[in-house]
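One file, start-v6.csv, carrying CSV, C-alpha atoms and all ligand atoms:
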chain,number,residue,atom,x,y,z
A,1,MET,CA,127.2,16.7,32.8
A,2,SER,CA,130.8,18.0,33.0
A,3,SER,CA,132.9,15.5,35.0
A,4,GLU,CA,135.2,18.3,36.2
A,5,SER,CA,134.1,18.8,39.8
A,6,ASP,CA,135.6,20.1,42.9
A,7,PRO,CA,135.2,17.5,45.7
A,8,ARG,CA,133.9,20.2,48.0
A,9,GLU,CA,131.2,21.2,45.5
A,10,PRO,CA,127.8,20.0,46.6
A,11,LYS,CA,126.2,17.4,44.3
A,12,TYR,CA,123.3,19.6,43.4
A,13,TYR,CA,125.7,22.3,42.3
A,14,LEU,CA,127.1,20.0,39.6
A,15,VAL,CA,123.5,19.5,38.4
A,16,LYS,CA,123.0,23.3,38.5
A,17,ARG,CA,126.1,23.9,36.4
A,18,HIS,CA,124.8,21.3,33.9
A,19,LEU,CA,121.5,23.0,33.7
A,20,LEU,CA,123.1,26.5,33.3
A,21,GLU,CA,125.0,25.2,30.3
A,22,LEU,CA,121.8,23.8,28.9
A,23,ILE,CA,119.9,27.1,29.5
A,24,ASP,CA,122.5,29.0,27.6
A,25,THR,CA,121.8,27.0,24.5
A,26,LEU,CA,118.0,27.4,24.6
A,27,PRO,CA,115.8,30.4,23.7
A,28,PRO,CA,113.5,31.8,26.4
A,29,GLY,CA,110.3,29.7,26.7
A,30,SER,CA,112.0,26.4,25.9
A,31,LEU,CA,110.9,23.4,28.0
A,32,VAL,CA,113.6,21.9,30.1
A,33,PRO,CA,113.6,18.1,30.8
A,34,THR,CA,111.5,16.9,33.7
A,35,GLU,CA,112.8,16.2,37.2
A,36,ARG,CA,112.4,12.5,36.5
A,37,LEU,CA,114.3,12.6,33.2
A,38,LEU,CA,117.1,14.6,34.7
A,39,THR,CA,117.4,12.3,37.7
A,40,ALA,CA,117.8,9.3,35.3
A,41,GLU,CA,120.0,11.1,32.9
A,42,LEU,CA,122.4,12.5,35.5
A,43,GLY,CA,122.3,9.4,37.7
A,44,THR,CA,121.5,11.4,40.8
A,45,SER,CA,118.7,11.7,43.3
A,46,ARG,CA,115.5,13.5,42.7
A,47,THR,CA,116.1,15.8,45.7
A,48,THR,CA,119.4,16.9,44.2
A,49,VAL,CA,117.8,17.7,40.9
A,50,ARG,CA,114.9,19.5,42.7
A,51,GLN,CA,117.4,21.7,44.6
A,52,ALA,CA,119.2,22.7,41.5
A,53,LEU,CA,116.0,23.5,39.6
A,54,GLY,CA,114.7,25.4,42.7
A,55,GLU,CA,117.7,27.7,42.8
A,56,LEU,CA,117.5,28.4,39.1
A,57,VAL,CA,113.8,29.3,39.5
A,58,GLY,CA,114.7,31.6,42.4
A,59,GLU,CA,117.4,33.3,40.3
A,60,GLY,CA,115.0,33.9,37.5
A,61,ARG,CA,116.7,31.6,35.0
A,62,LEU,CA,113.8,29.1,34.9
A,63,VAL,CA,110.1,29.4,35.5
A,64,ARG,CA,107.7,26.7,36.7
A,65,ARG,CA,104.2,26.5,35.3
A,66,GLN,CA,101.9,24.5,37.4
A,67,GLY,CA,100.9,21.3,35.8
A,68,SER,CA,102.9,22.1,32.6
A,69,GLY,CA,106.6,22.0,33.3
A,70,THR,CA,109.7,24.1,33.8
A,71,TYR,CA,110.8,26.6,31.1
A,72,VAL,CA,113.7,28.8,30.3
A,73,ALA,CA,112.8,32.3,31.7
A,74,GLU,CA,112.3,35.4,29.7
A,75,PRO,CA,115.1,38.0,30.1
A,76,LYS,CA,114.8,40.1,33.3
A,77,ILE,CA,113.5,43.7,33.3
A,78,THR,CA,116.4,46.2,33.5
A,79,TRP,CA,115.4,49.1,35.8
A,80,PRO,CA,117.6,52.1,36.2
A,81,LEU,CA,117.8,53.6,39.7
A,82,ARG,CA,116.8,57.2,39.1
A,83,MET,CA,114.9,59.9,40.8
A,84,THR,CA,111.8,59.2,38.7
A,85,SER,CA,108.4,57.7,39.4
A,86,PHE,CA,107.5,54.1,38.7
A,87,THR,CA,105.1,55.2,36.0
A,88,ASP,CA,107.7,57.4,34.2
A,89,GLN,CA,110.4,54.8,34.6
A,90,ALA,CA,108.2,52.1,32.9
A,91,ALA,CA,107.4,54.5,30.0
A,92,ALA,CA,111.1,55.5,29.6
A,93,THR,CA,112.1,51.8,29.3
A,94,GLY,CA,109.4,51.0,26.8
A,95,HIS,CA,107.0,49.2,29.2
A,96,SER,CA,103.4,50.0,30.2
A,97,ALA,CA,102.8,50.5,33.9
A,98,ALA,CA,99.6,50.0,35.9
A,99,THR,CA,98.8,50.5,39.5
A,100,GLN,CA,96.2,49.1,41.9
A,101,LEU,CA,95.5,50.8,45.2
A,102,LEU,CA,95.4,47.9,47.7
A,103,GLU,CA,95.1,49.8,51.0
A,104,SER,CA,95.2,53.4,52.1
A,105,VAL,CA,94.8,54.4,55.7
A,106,ARG,CA,95.3,57.5,57.8
A,107,GLU,CA,97.2,56.5,60.9
A,108,LYS,CA,99.4,57.8,63.6
A,109,ALA,CA,103.1,58.0,62.8
A,110,SER,CA,105.3,55.6,64.7
A,111,GLU,CA,108.6,56.9,66.1
A,112,ASP,CA,110.4,55.5,63.1
A,113,ILE,CA,108.1,56.9,60.4
A,114,ALA,CA,107.9,60.2,62.2
A,115,GLY,CA,111.7,60.4,62.2
A,116,LYS,CA,111.8,59.7,58.5
A,117,LEU,CA,109.2,62.3,57.7
A,118,SER,CA,110.5,64.9,60.2
A,119,ILE,CA,107.1,65.1,61.9
A,120,ARG,CA,106.3,64.3,65.6
A,121,ALA,CA,105.5,60.8,66.6
A,122,GLY,CA,101.7,60.3,66.6
A,123,ALA,CA,101.0,62.9,63.9
A,124,ALA,CA,98.8,61.8,61.1
A,125,THR,CA,100.3,60.0,58.1
A,126,TYR,CA,98.9,58.3,55.1
A,127,CYS,CA,100.0,54.7,54.6
A,128,ILE,CA,99.4,53.7,51.0
A,129,GLU,CA,99.9,50.3,49.7
A,130,ARG,CA,99.9,49.8,45.9
A,131,LEU,CA,100.4,46.9,43.5
A,132,ARG,CA,102.6,47.9,40.6
A,133,LEU,CA,102.3,46.1,37.3
A,134,VAL,CA,104.6,46.2,34.3
A,135,ASP,CA,103.1,45.0,31.0
A,136,ASP,CA,100.1,43.7,32.9
A,137,THR,CA,102.3,41.5,35.2
A,138,PRO,CA,102.4,42.2,38.9
A,139,MET,CA,106.0,43.1,39.7
A,140,ALA,CA,106.1,45.0,43.0
A,141,VAL,CA,104.2,45.8,46.1
A,142,GLU,CA,104.9,49.3,47.4
A,143,THR,CA,104.1,50.9,50.8
A,144,SER,CA,104.5,54.6,51.0
A,145,TYR,CA,104.2,56.9,54.0
A,146,LEU,CA,103.6,60.6,53.7
A,147,SER,CA,102.6,63.4,56.1
A,148,ALA,CA,98.8,63.8,56.1
A,149,ALA,CA,99.1,67.5,57.2
A,150,ARG,CA,101.4,68.3,54.3
A,151,PHE,CA,99.3,66.4,51.7
A,152,PRO,CA,95.7,66.7,52.7
A,153,GLY,CA,93.3,64.6,50.7
A,154,LEU,CA,96.1,62.6,49.1
A,155,ILE,CA,94.2,59.3,49.1
A,156,LYS,CA,91.3,60.8,47.3
A,157,GLN,CA,93.7,62.2,44.7
A,158,LEU,CA,95.4,58.9,44.2
A,159,ARG,CA,92.0,57.3,43.5
A,160,LYS,CA,91.8,59.6,40.5
A,161,THR,CA,95.4,59.7,39.3
A,162,ALA,CA,97.6,56.5,39.6
A,163,SER,CA,101.0,58.3,39.7
A,164,LEU,CA,101.9,59.6,43.2
A,165,TYR,CA,104.6,61.9,41.8
A,166,ARG,CA,102.2,63.4,39.3
A,167,VAL,CA,99.7,64.1,42.1
A,168,LEU,CA,102.5,65.5,44.3
A,169,SER,CA,103.5,67.8,41.5
A,170,GLU,CA,100.1,68.8,40.0
A,171,VAL,CA,98.1,69.0,43.2
A,172,TYR,CA,100.6,70.0,45.9
A,173,GLY,CA,103.3,71.7,43.8
A,174,CYS,CA,105.9,69.4,45.4
A,175,GLN,CA,108.7,67.6,43.6
A,176,PRO,CA,111.1,64.9,45.0
A,177,VAL,CA,114.5,66.0,43.7
A,178,GLU,CA,116.8,63.9,45.9
A,179,ALA,CA,116.5,60.5,47.5
A,180,GLU,CA,118.5,57.9,49.4
A,181,GLU,CA,117.7,54.4,48.2
A,182,THR,CA,118.6,51.1,49.9
A,183,ILE,CA,118.4,47.6,48.5
A,184,GLU,CA,118.2,44.4,50.5
A,185,THR,CA,116.9,40.9,50.1
A,186,ALA,CA,113.9,39.3,51.7
A,187,ALA,CA,111.8,36.2,51.3
A,188,ALA,CA,108.2,36.7,49.9
A,189,SER,CA,105.5,36.6,52.6
A,190,PRO,CA,102.4,34.5,51.7
A,191,ARG,CA,100.6,37.8,50.9
A,192,GLU,CA,103.3,39.2,48.7
A,193,ALA,CA,103.6,35.8,47.0
A,194,GLU,CA,99.9,35.8,46.3
A,195,LEU,CA,99.9,39.4,45.0
A,196,LEU,CA,103.0,38.9,42.8
A,197,HIS,CA,102.0,35.4,41.5
A,198,THR,CA,105.1,33.8,43.0
A,199,ASP,CA,105.9,31.3,45.8
A,200,THR,CA,106.1,32.1,49.6
A,201,GLY,CA,109.8,32.4,50.3
A,202,ALA,CA,110.7,33.4,46.8
A,203,PRO,CA,113.6,35.9,46.7
A,204,MET,CA,112.5,39.6,46.7
A,205,LEU,CA,114.5,42.8,46.3
A,206,VAL,CA,113.3,45.3,48.9
A,207,LEU,CA,114.0,48.9,48.0
A,208,GLY,CA,113.6,51.7,50.5
A,209,ARG,CA,113.4,55.2,49.2
A,210,HIS,CA,113.6,58.3,51.4
A,211,SER,CA,113.0,61.3,49.2
A,212,PHE,CA,113.3,65.0,49.7
A,213,ASP,CA,112.2,68.3,48.1
A,214,ALA,CA,114.5,71.1,46.9
A,215,ASP,CA,114.6,72.5,50.4
A,216,GLY,CA,115.8,69.2,51.8
A,217,LYS,CA,112.4,68.5,53.5
A,218,PRO,CA,111.4,64.8,53.5
A,219,ILE,CA,108.5,63.9,51.3
A,220,GLU,CA,108.0,60.2,51.4
A,221,TRP,CA,109.3,57.0,53.0
A,222,VAL,CA,108.7,54.0,50.8
A,223,ARG,CA,109.4,50.3,50.9
A,224,SER,CA,109.0,48.4,47.6
A,225,TRP,CA,109.0,44.6,47.3
A,226,TYR,CA,110.1,43.7,43.8
A,227,ARG,CA,110.2,40.2,42.4
A,228,GLY,CA,113.9,39.3,42.8
A,229,ASP,CA,113.7,36.9,39.9
A,230,ARG,CA,112.5,39.4,37.4
A,231,TYR,CA,114.5,42.6,38.0
A,232,VAL,CA,118.0,43.9,37.4
A,233,PHE,CA,118.5,47.3,39.0
A,234,VAL,CA,121.1,49.5,37.4
A,235,ALA,CA,122.9,52.4,39.1
A,236,LYS,CA,125.1,54.6,37.0
A,237,LEU,CA,128.3,55.5,38.9
A,238,SER,CA,130.7,58.2,37.8
A,239,GLY,CA,134.0,59.3,39.2
A,240,ARG,CA,133.7,62.8,37.7
A,301,LIG,C1,109.0,54.5,42.6
A,301,LIG,C2,109.7,54.8,44.0
A,301,LIG,C3,108.7,55.3,45.0
A,301,LIG,C4,107.8,56.4,44.4
A,301,LIG,C5,107.1,55.9,43.2
A,301,LIG,C6,106.2,57.0,42.5
A,301,LIG,O1,108.3,53.3,42.7
A,301,LIG,N1,110.4,53.7,44.5
A,301,LIG,O2,109.4,55.8,46.1
A,301,LIG,O3,106.8,56.7,45.4
A,301,LIG,O4,108.1,55.5,42.2
A,301,LIG,O5,105.7,56.4,41.4
A,301,LIG,P1,104.3,56.8,40.7
A,301,LIG,O6,104.4,58.3,40.5
A,301,LIG,O7,104.2,56.0,39.5
A,301,LIG,O8,103.3,56.5,41.7

Written form, C-alpha cells:
Amino acid sequence: MSSESDPREPKYYLVKRHLLELIDTLPPGSLVPTERLLTAELGTSRTTVRQALGELVGEGRLVRRQGSGTYVAEPKITWPLRMTSFTDQAAATGHSAATQLLESVREKASEDIAGKLSIRAGAATYCIERLRLVDDTPMAVETSYLSAARFPGLIKQLRKTASLYRVLSEVYGCQPVEAEETIETAAASPREAELLHTDTGAPMLVLGRHSFDADGKPIEWVRSWYRGDRYVFVAKLSGR
C-alpha cells in the first residue's frame, strides 16, 4: 500500500486507493484477495477493509458473488441520453433489450401527475411499471404515467408489444419529440434491490423524463431507477 497519505485521509480510503491500483492491473472477472487476506496484508482492521470494498462495489468497480468472492467488475454500459426509447437505445449500442410488465393500473391522477400530463387532478391515468433488461440482466425499473383518455387501451397494447414508443407511434400516431430529463441519486429499496439483483441501499441513478409531442403537449412522465453501479450516462453538449 502506498505510504504517502494525508493525515486527514480516513484509513479506509488508503485501503481503497490500494485496491484501485490493484484493480487497474487486473482484467474484469479477476478475483481480488479476501477480506481476511487484505486485513493481514495491510495491517488494518477488517471493518476498514470492508468499508473500502463496499464503496468499490457501490461504484461498480468490484462485484460480490455470494459464497464465491469479490471480483473486478465488467466495464459499465455507456448509455447516451437521447430522445429514443429504451428498446431502440439498446439496439443502437449493440445490446439486446427485454421488458417485463410488472404492474399496470388505471388510477386517478394526483395533483402532481395531473400537472405533469396537463390533465385535471382525478382524471384517469395509466401507471405502468416495467422491468427493463439489457443482455438478459435486469438493469432498470421504470414507472410511466400517461393519460388514459388520450391513450385508451394502452395496457392491452403493451401486453402485445414491449416498446411503449412503438405502441405510441403505431397505435396512437403519437411521437415524443422533446423531453426534459433529470438525474438524481437514490438508494435501492428492498423491492428494487430484489428486482435488479442488487443490495438494498445500493446506489441507483433515478432518471425522470417528461416528454412532449410536436405540438408541445405532454405525453408521459416517467421515473426510471437504473443500477448506479452499471451505467454511465452520456449527454452530448454543443456550443454551436
Ligand atoms: C426510456 C425512457 C422512457 C420511455 C422509454 C420507452 O426508457 N426513459 O421515458 O418511456 O424509453 O422505451 P420503450 O419504447 O422501449 O418502451

Around ligand LIG 301 (chain A), at most 6 Å away and counting only C-alpha atoms and all ligand atoms, which residues are there? Put them as a PDB file with C-alpha atoms, in the coordinates of the input, please.
ATOM      1  CA  SER A  85     108.400  57.700  39.400  1.00  0.00           C
ATOM      2  CA  PHE A  86     107.500  54.100  38.700  1.00  0.00           C
ATOM      3  CA  THR A  87     105.100  55.200  36.000  1.00  0.00           C
ATOM      4  CA  SER A 163     101.000  58.300  39.700  1.00  0.00           C
ATOM      5  CA  LEU A 164     101.900  59.600  43.200  1.00  0.00           C
ATOM      6  CA  TYR A 165     104.600  61.900  41.800  1.00  0.00           C
ATOM      7  CA  ARG A 166     102.200  63.400  39.300  1.00  0.00           C
ATOM      8  CA  ARG A 209     113.400  55.200  49.200  1.00  0.00           C
ATOM      9  CA  VAL A 222     108.700  54.000  50.800  1.00  0.00           C
TER      10      VAL A 222
END

Next on the checklist: Given only C-alpha atoms as the basis, pick out the residue of A:Thr200, A:Gln100, A:Thr34, A:Thr182 nearest to Pro138 in chain A.
Outcome noted: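 That would be A:Gln100, the residue with the smallest distance to Pro138 in chain A.
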
Checklist entry - Distance CA of Arg223 in chain A-CA of Cys127 in chain A, one decimal place? => result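 We find that CA of Arg223 in chain A and CA of Cys127 in chain A lie 11.0 Å from each other.
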
Item to check | Sphere at (121.2, 49.2, 36.7), radius 10 Å, counting all atoms listed in the file: residues as an NGL selection string | outcome: :A and (78-82 or 231-237)

Checklist entry - Between A:Leu133, A:Ala149, A:Leu62, A:Leu196, which one has atoms that come closest to Ala98 in chain A, using all atoms listed in the file? => result A:Leu133

Checklist entry - Leu19 in chain A: which residues within 12 Å, counting only C-alpha atoms, same-chain residues fewer than 4 positions away excluded, as a ChimeraX atom specification? => result /A:1-2,12-15,23-26,32-35,38,42,49-57,61-62,70-72

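Using only C-alpha atoms, the contacts of Ala214 in chain A at a cut-off of 9 Å, with sequence neighbours closer than 4 positions omitted, comprise Cys174, Gln175, Pro176, Val177 and Glu178 of chain A.
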
Next on the checklist: When you count all atoms listed in the file, which of these residues is closest to Glu74 in chain A: A:Pro28, A:Glu181, A:Gly216, A:Arg230?
Outcome noted: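 Ranking A:Pro28, A:Glu181, A:Gly216, A:Arg230 by distance to Glu74 in chain A, first place goes to A:Pro28.
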
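A straight line drawn from CA of Val63 in chain A to CA of Lys76 in chain A is 11.9 Å long.
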
Checklist entry - Quick one, how far is CA of Glu21 in chain A from CA of Met139 in chain A? => result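 So the two atoms, CA of Glu21 in chain A and CA of Met139 in chain A, lie 27.7 Å apart.
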
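Each of A:Val134, A:Ile219, A:Ala202, A:Ala91 was compared to Ile119 in chain A using only C-alpha atoms, and A:Ile219 turns out to be the nearest.
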
Could you give me, as CSV, a per-residue list for range 87-110 of chain A showing, wherever an atom lies at most 12 Å from an atom of range 152-159 of chain A, the closest pair of atoms and their distance in Å to one decimal, using only C-alpha atoms and sorting by chain then residue number from low to high?
residue,atom,partner,partner_atom,distance
A:Thr99,CA,A:Leu158,CA,10.2
A:Gln100,CA,A:Arg159,CA,9.4
A:Leu101,CA,A:Arg159,CA,7.6
A:Leu102,CA,A:Arg159,CA,10.8
A:Glu103,CA,A:Ile155,CA,9.7
A:Ser104,CA,A:Ile155,CA,6.7
A:Val105,CA,A:Ile155,CA,8.2
A:Arg106,CA,A:Ile155,CA,9.0

Checklist entry - Which residue out of A:Glu129, A:Met83, A:Gly58, A:Pro218 has the minimum interatomic distance to Ala187 in chain A when all atoms listed in the file are used? => result A:Gly58

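Minimum atom-to-atom distances from A:Arg191, A:Arg227, A:Arg240, A:Arg8 to Pro203 in chain A were compared using only C-alpha atoms, and the lowest value belongs to A:Arg227.
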
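Residues in contact with Ala148 in chain A at 7 Å, where all atoms listed in the file are counted and same-chain residues fewer than 4 positions away are skipped, are listed as Ala124, Thr125, Tyr126 and Pro152 of chain A.
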
So which residues touch Tyr226 in chain A within 8 Å, counting all atoms listed in the file, skipping near sequence neighbours fewer than 3 positions away, as a compact mmCIF listing (two decimals) with C-alpha atoms, in the coordinates of the input?
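As written to disk, out_36.txt reads:
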# COMPACT_ATOMS: atom_id res chain seq x y z
CA MET A 139 106.00 43.10 39.70
CA ALA A 140 106.10 45.00 43.00
CA VAL A 141 104.20 45.80 46.10
CA MET A 204 112.50 39.60 46.70
CA LEU A 205 114.50 42.80 46.30
CA VAL A 206 113.30 45.30 48.90
CA LEU A 207 114.00 48.90 48.00
CA TYR A 231 114.50 42.60 38.00

With N, CA and C atoms as the goal, would you fill in the gaps in range 50-78 of chain A and present it as a PDB file, keeping the file's coordinate frame?
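selection-v2.pdb, freshly written:
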ATOM      1  N   ARG A  50     115.942  18.524  42.241  1.00  0.00           N
ATOM      2  CA  ARG A  50     114.900  19.500  42.700  1.00  0.00           C
ATOM      3  C   ARG A  50     115.608  20.750  43.267  1.00  0.00           C
ATOM      4  N   GLN A  51     116.664  20.529  44.023  1.00  0.00           N
ATOM      5  CA  GLN A  51     117.400  21.700  44.600  1.00  0.00           C
ATOM      6  C   GLN A  51     117.996  22.556  43.566  1.00  0.00           C
ATOM      7  N   ALA A  52     118.607  21.926  42.551  1.00  0.00           N
ATOM      8  CA  ALA A  52     119.200  22.700  41.500  1.00  0.00           C
ATOM      9  C   ALA A  52     118.166  23.483  40.697  1.00  0.00           C
ATOM     10  N   LEU A  53     117.055  22.828  40.380  1.00  0.00           N
ATOM     11  CA  LEU A  53     116.000  23.500  39.600  1.00  0.00           C
ATOM     12  C   LEU A  53     115.403  24.647  40.479  1.00  0.00           C
ATOM     13  N   GLY A  54     115.221  24.394  41.779  1.00  0.00           N
ATOM     14  CA  GLY A  54     114.700  25.400  42.700  1.00  0.00           C
ATOM     15  C   GLY A  54     115.519  26.663  42.718  1.00  0.00           C
ATOM     16  N   GLU A  55     116.822  26.477  42.781  1.00  0.00           N
ATOM     17  CA  GLU A  55     117.700  27.700  42.800  1.00  0.00           C
ATOM     18  C   GLU A  55     117.612  28.442  41.523  1.00  0.00           C
ATOM     19  N   LEU A  56     117.551  27.726  40.410  1.00  0.00           N
ATOM     20  CA  LEU A  56     117.500  28.400  39.100  1.00  0.00           C
ATOM     21  C   LEU A  56     116.165  29.154  38.935  1.00  0.00           C
ATOM     22  N   VAL A  57     115.104  28.632  39.535  1.00  0.00           N
ATOM     23  CA  VAL A  57     113.800  29.300  39.500  1.00  0.00           C
ATOM     24  C   VAL A  57     113.930  30.609  40.335  1.00  0.00           C
ATOM     25  N   GLY A  58     114.528  30.478  41.534  1.00  0.00           N
ATOM     26  CA  GLY A  58     114.700  31.600  42.400  1.00  0.00           C
ATOM     27  C   GLY A  58     115.547  32.722  41.796  1.00  0.00           C
ATOM     28  N   GLU A  59     116.506  32.315  40.985  1.00  0.00           N
ATOM     29  CA  GLU A  59     117.400  33.300  40.300  1.00  0.00           C
ATOM     30  C   GLU A  59     116.805  33.850  39.052  1.00  0.00           C
ATOM     31  N   GLY A  60     115.627  33.377  38.688  1.00  0.00           N
ATOM     32  CA  GLY A  60     115.000  33.900  37.500  1.00  0.00           C
ATOM     33  C   GLY A  60     115.517  33.354  36.186  1.00  0.00           C
ATOM     34  N   ARG A  61     116.206  32.210  36.254  1.00  0.00           N
ATOM     35  CA  ARG A  61     116.700  31.600  35.000  1.00  0.00           C
ATOM     36  C   ARG A  61     115.692  30.615  34.438  1.00  0.00           C
ATOM     37  N   LEU A  62     114.884  30.037  35.316  1.00  0.00           N
ATOM     38  CA  LEU A  62     113.800  29.100  34.900  1.00  0.00           C
ATOM     39  C   LEU A  62     112.514  29.548  35.513  1.00  0.00           C
ATOM     40  N   VAL A  63     111.413  29.156  34.860  1.00  0.00           N
ATOM     41  CA  VAL A  63     110.100  29.400  35.500  1.00  0.00           C
ATOM     42  C   VAL A  63     109.307  28.085  35.494  1.00  0.00           C
ATOM     43  N   ARG A  64     108.570  27.899  36.609  1.00  0.00           N
ATOM     44  CA  ARG A  64     107.700  26.700  36.700  1.00  0.00           C
ATOM     45  C   ARG A  64     106.316  27.084  36.354  1.00  0.00           C
ATOM     46  N   ARG A  65     105.671  26.290  35.515  1.00  0.00           N
ATOM     47  CA  ARG A  65     104.200  26.500  35.300  1.00  0.00           C
ATOM     48  C   ARG A  65     103.484  25.321  35.778  1.00  0.00           C
ATOM     49  N   GLN A  66     102.615  25.602  36.743  1.00  0.00           N
ATOM     50  CA  GLN A  66     101.900  24.500  37.400  1.00  0.00           C
ATOM     51  C   GLN A  66     101.247  23.561  36.416  1.00  0.00           C
ATOM     52  N   GLY A  67     101.525  22.305  36.595  1.00  0.00           N
ATOM     53  CA  GLY A  67     100.900  21.300  35.800  1.00  0.00           C
ATOM     54  C   GLY A  67     101.414  21.219  34.344  1.00  0.00           C
ATOM     55  N   SER A  68     102.418  22.035  34.011  1.00  0.00           N
ATOM     56  CA  SER A  68     102.900  22.100  32.600  1.00  0.00           C
ATOM     57  C   SER A  68     104.357  21.750  32.496  1.00  0.00           C
ATOM     58  N   GLY A  69     105.185  22.311  33.355  1.00  0.00           N
ATOM     59  CA  GLY A  69     106.600  22.000  33.300  1.00  0.00           C
ATOM     60  C   GLY A  69     107.480  23.178  33.673  1.00  0.00           C
ATOM     61  N   THR A  70     108.775  23.040  33.431  1.00  0.00           N
ATOM     62  CA  THR A  70     109.700  24.100  33.800  1.00  0.00           C
ATOM     63  C   THR A  70     110.348  24.602  32.465  1.00  0.00           C
ATOM     64  N   TYR A  71     110.403  25.924  32.345  1.00  0.00           N
ATOM     65  CA  TYR A  71     110.800  26.600  31.100  1.00  0.00           C
ATOM     66  C   TYR A  71     111.970  27.537  31.315  1.00  0.00           C
ATOM     67  N   VAL A  72     112.710  27.806  30.242  1.00  0.00           N
ATOM     68  CA  VAL A  72     113.700  28.800  30.300  1.00  0.00           C
ATOM     69  C   VAL A  72     113.041  30.191  30.417  1.00  0.00           C
ATOM     70  N   ALA A  73     113.453  30.997  31.407  1.00  0.00           N
ATOM     71  CA  ALA A  73     112.800  32.300  31.700  1.00  0.00           C
ATOM     72  C   ALA A  73     113.050  33.321  30.604  1.00  0.00           C
ATOM     73  N   GLU A  74     112.150  34.260  30.515  1.00  0.00           N
ATOM     74  CA  GLU A  74     112.300  35.400  29.700  1.00  0.00           C
ATOM     75  C   GLU A  74     113.435  36.294  30.315  1.00  0.00           C
ATOM     76  N   PRO A  75     114.126  37.154  29.513  1.00  0.00           N
ATOM     77  CA  PRO A  75     115.100  38.000  30.100  1.00  0.00           C
ATOM     78  C   PRO A  75     114.482  38.914  31.208  1.00  0.00           C
ATOM     79  N   LYS A  76     115.283  39.284  32.202  1.00  0.00           N
ATOM     80  CA  LYS A  76     114.800  40.100  33.300  1.00  0.00           C
ATOM     81  C   LYS A  76     114.529  41.567  32.792  1.00  0.00           C
ATOM     82  N   ILE A  77     113.779  42.303  33.563  1.00  0.00           N
ATOM     83  CA  ILE A  77     113.500  43.700  33.300  1.00  0.00           C
ATOM     84  C   ILE A  77     114.696  44.522  33.843  1.00  0.00           C
ATOM     85  N   THR A  78     115.290  45.363  33.013  1.00  0.00           N
ATOM     86  CA  THR A  78     116.400  46.200  33.500  1.00  0.00           C
ATOM     87  C   THR A  78     115.809  47.542  33.918  1.00  0.00           C
TER      88      THR A  78
END
